[in-house]
Amino acid sequence: MATLPGALIWEIVKKNNAFLVKEFGNGTAKVQFSKESNNLFNSHSYKYSGLANNKTVTIQAAGKDGVLLATSKTKKQNKPATALHKSVLKKEFRRMAKAVINQVGDNNYRPDLKKAALARLSAVHRSLQVAKSGVKKRNRQAIKIRSRK
């Protein structure tokens, strides 16, 4: 089976598809989002599209403490079950960031998505942080009492 070029797929799906979400803002301002998988910014554009590009990157939460980094295999486009190379990152944030940079940018996989992948990793990692519970600490600064004159 022959695969279609990404530009042709984008021309077919850019006006209307099942993943397109149109938001109307102030006046006639219109913002378009995309719910498709493998879209780092969830924005409706060719650069971030998971449908039109052969090489895609996905960063999602994996359980309570892990982050899933998935890249698509270019040779296995016809087999959806094995189309993604998945790896779970469970180390501290700096090591995860270095792994994402190595996988996305330094391997010449998709160097244009390096900043977007780091932004997505930061957002997912921040969402996994648990707020500390317990007694709040008192403010130990001196309280100024204003006297009347």
# chains A, B, ... in the order shown; residues from 1 in each chain; ligands from 1
$ residues_around --residues "range 88-90 of chain A" --least-positions-apart "2" --cutoff "9 Å" --atoms "only C-alpha atoms" --output "list in words"
Ala62, Asp65, Gly66, Val67, Leu68, Leu69, Ala70, Lys86, Glu92, Phe93, Arg95, Met96 and Ala99 of chain A
$ residues_around --residues "Val13 in chain A" --least-positions-apart "3" --cutoff "12 Å" --atoms "only C-alpha atoms" --output "list in words"
Gly6, Ala7, Leu8, Ile9, Trp10, Asn16, Asn17, Ala18, Phe19, Leu20, Ser34, Glu36, His44, Ser45, Tyr46, Ser49, Gly50, Leu51 and Ala52 of chain A
$ select_by_dssp --residues "chain A" --states "alpha helix (DSSP H)" --output "PyMOL selection string"
chain A and resi 6-13+93-100+114-128
$ write_last_selection --atoms "N, CA and C atoms" --output "short mmCIF file (atom, residue, chain, number, x, y, z; two decimals), in the first residue's frame"
data_model
loop_
_atom_site.label_atom_id
_atom_site.label_comp_id
_atom_site.auth_asym_id
_atom_site.auth_seq_id
_atom_site.Cartn_x
_atom_site.Cartn_y
_atom_site.Cartn_z
N GLY A 6 2.61 13.95 3.34
CA GLY A 6 1.98 14.67 4.44
C GLY A 6 1.30 15.95 3.99
N ALA A 7 1.85 16.65 3.01
CA ALA A 7 1.24 17.90 2.54
C ALA A 7 -0.13 17.63 1.92
N LEU A 8 -0.27 16.54 1.19
CA LEU A 8 -1.56 16.20 0.58
C LEU A 8 -2.59 15.84 1.66
N ILE A 9 -2.16 15.08 2.66
CA ILE A 9 -3.07 14.73 3.76
C ILE A 9 -3.53 15.99 4.48
N TRP A 10 -2.60 16.92 4.71
CA TRP A 10 -2.96 18.16 5.41
C TRP A 10 -3.95 18.97 4.59
N GLU A 11 -3.79 19.05 3.28
CA GLU A 11 -4.73 19.79 2.44
C GLU A 11 -6.12 19.16 2.49
N ILE A 12 -6.19 17.86 2.65
CA ILE A 12 -7.49 17.19 2.73
C ILE A 12 -8.16 17.45 4.07
N VAL A 13 -7.41 17.39 5.17
CA VAL A 13 -8.03 17.43 6.50
C VAL A 13 -7.99 18.80 7.17
N PHE A 93 13.31 15.63 36.96
CA PHE A 93 12.92 16.41 35.79
C PHE A 93 14.08 16.69 34.84
N ARG A 94 15.24 17.00 35.37
CA ARG A 94 16.38 17.34 34.50
C ARG A 94 16.80 16.15 33.63
N ARG A 95 16.76 14.97 34.18
CA ARG A 95 17.11 13.78 33.40
C ARG A 95 16.05 13.49 32.35
N MET A 96 14.78 13.70 32.71
CA MET A 96 13.72 13.51 31.72
C MET A 96 13.86 14.52 30.60
N ALA A 97 14.18 15.78 30.94
CA ALA A 97 14.36 16.81 29.91
C ALA A 97 15.53 16.46 28.99
N LYS A 98 16.60 15.95 29.57
CA LYS A 98 17.75 15.57 28.74
C LYS A 98 17.40 14.41 27.82
N ALA A 99 16.60 13.46 28.30
CA ALA A 99 16.17 12.34 27.47
C ALA A 99 15.29 12.82 26.31
N VAL A 100 14.40 13.76 26.60
CA VAL A 100 13.54 14.30 25.55
C VAL A 100 14.36 15.06 24.52
N LYS A 114 11.58 20.46 19.41
CA LYS A 114 12.30 20.31 20.68
C LYS A 114 11.72 21.23 21.76
N LYS A 115 11.50 22.50 21.45
CA LYS A 115 10.96 23.43 22.45
C LYS A 115 9.53 23.07 22.82
N ALA A 116 8.74 22.65 21.85
CA ALA A 116 7.36 22.25 22.13
C ALA A 116 7.33 21.01 23.02
N ALA A 117 8.24 20.07 22.78
CA ALA A 117 8.28 18.85 23.59
C ALA A 117 8.70 19.16 25.02
N LEU A 118 9.66 20.08 25.18
CA LEU A 118 10.07 20.47 26.53
C LEU A 118 8.95 21.20 27.26
N ALA A 119 8.20 22.04 26.54
CA ALA A 119 7.08 22.74 27.17
C ALA A 119 6.00 21.75 27.61
N ARG A 120 5.73 20.76 26.78
CA ARG A 120 4.72 19.75 27.12
C ARG A 120 5.20 18.89 28.30
N LEU A 121 6.49 18.54 28.30
CA LEU A 121 7.06 17.77 29.41
C LEU A 121 6.94 18.56 30.71
N SER A 122 7.22 19.83 30.66
CA SER A 122 7.13 20.67 31.85
C SER A 122 5.70 20.73 32.37
N ALA A 123 4.73 20.89 31.46
CA ALA A 123 3.32 20.96 31.87
C ALA A 123 2.84 19.63 32.45
N VAL A 124 3.22 18.52 31.84
CA VAL A 124 2.80 17.22 32.34
C VAL A 124 3.45 16.93 33.69
N HIS A 125 4.73 17.26 33.82
CA HIS A 125 5.44 17.03 35.08
C HIS A 125 4.84 17.88 36.20
N ARG A 126 4.48 19.12 35.88
CA ARG A 126 3.86 20.01 36.87
C ARG A 126 2.49 19.48 37.29
N SER A 127 1.76 18.86 36.36
CA SER A 127 0.44 18.34 36.70
C SER A 127 0.54 17.10 37.59
N LEU A 128 1.67 16.41 37.55
CA LEU A 128 1.84 15.21 38.39
C LEU A 128 2.29 15.54 39.81
#
$ closest_residue --among "A:Lys137, A:Lys64, A:Lys55, A:Lys76" --to "Asp112 in chain A" --atoms "only C-alpha atoms"
A:Lys55
$ select_by_dssp --residues "range 20-140 of chain A" --states "strand (DSSP E or B)" --output "PyMOL selection string"
chain A and resi 20-24+30-34+43+57-62+66-72+84-89
$ closest_residue --among "A:Val104, A:Gln129, A:Gln32, A:Gln141" --to "Lys15 in chain A" --atoms "only C-alpha atoms"
A:Gln32
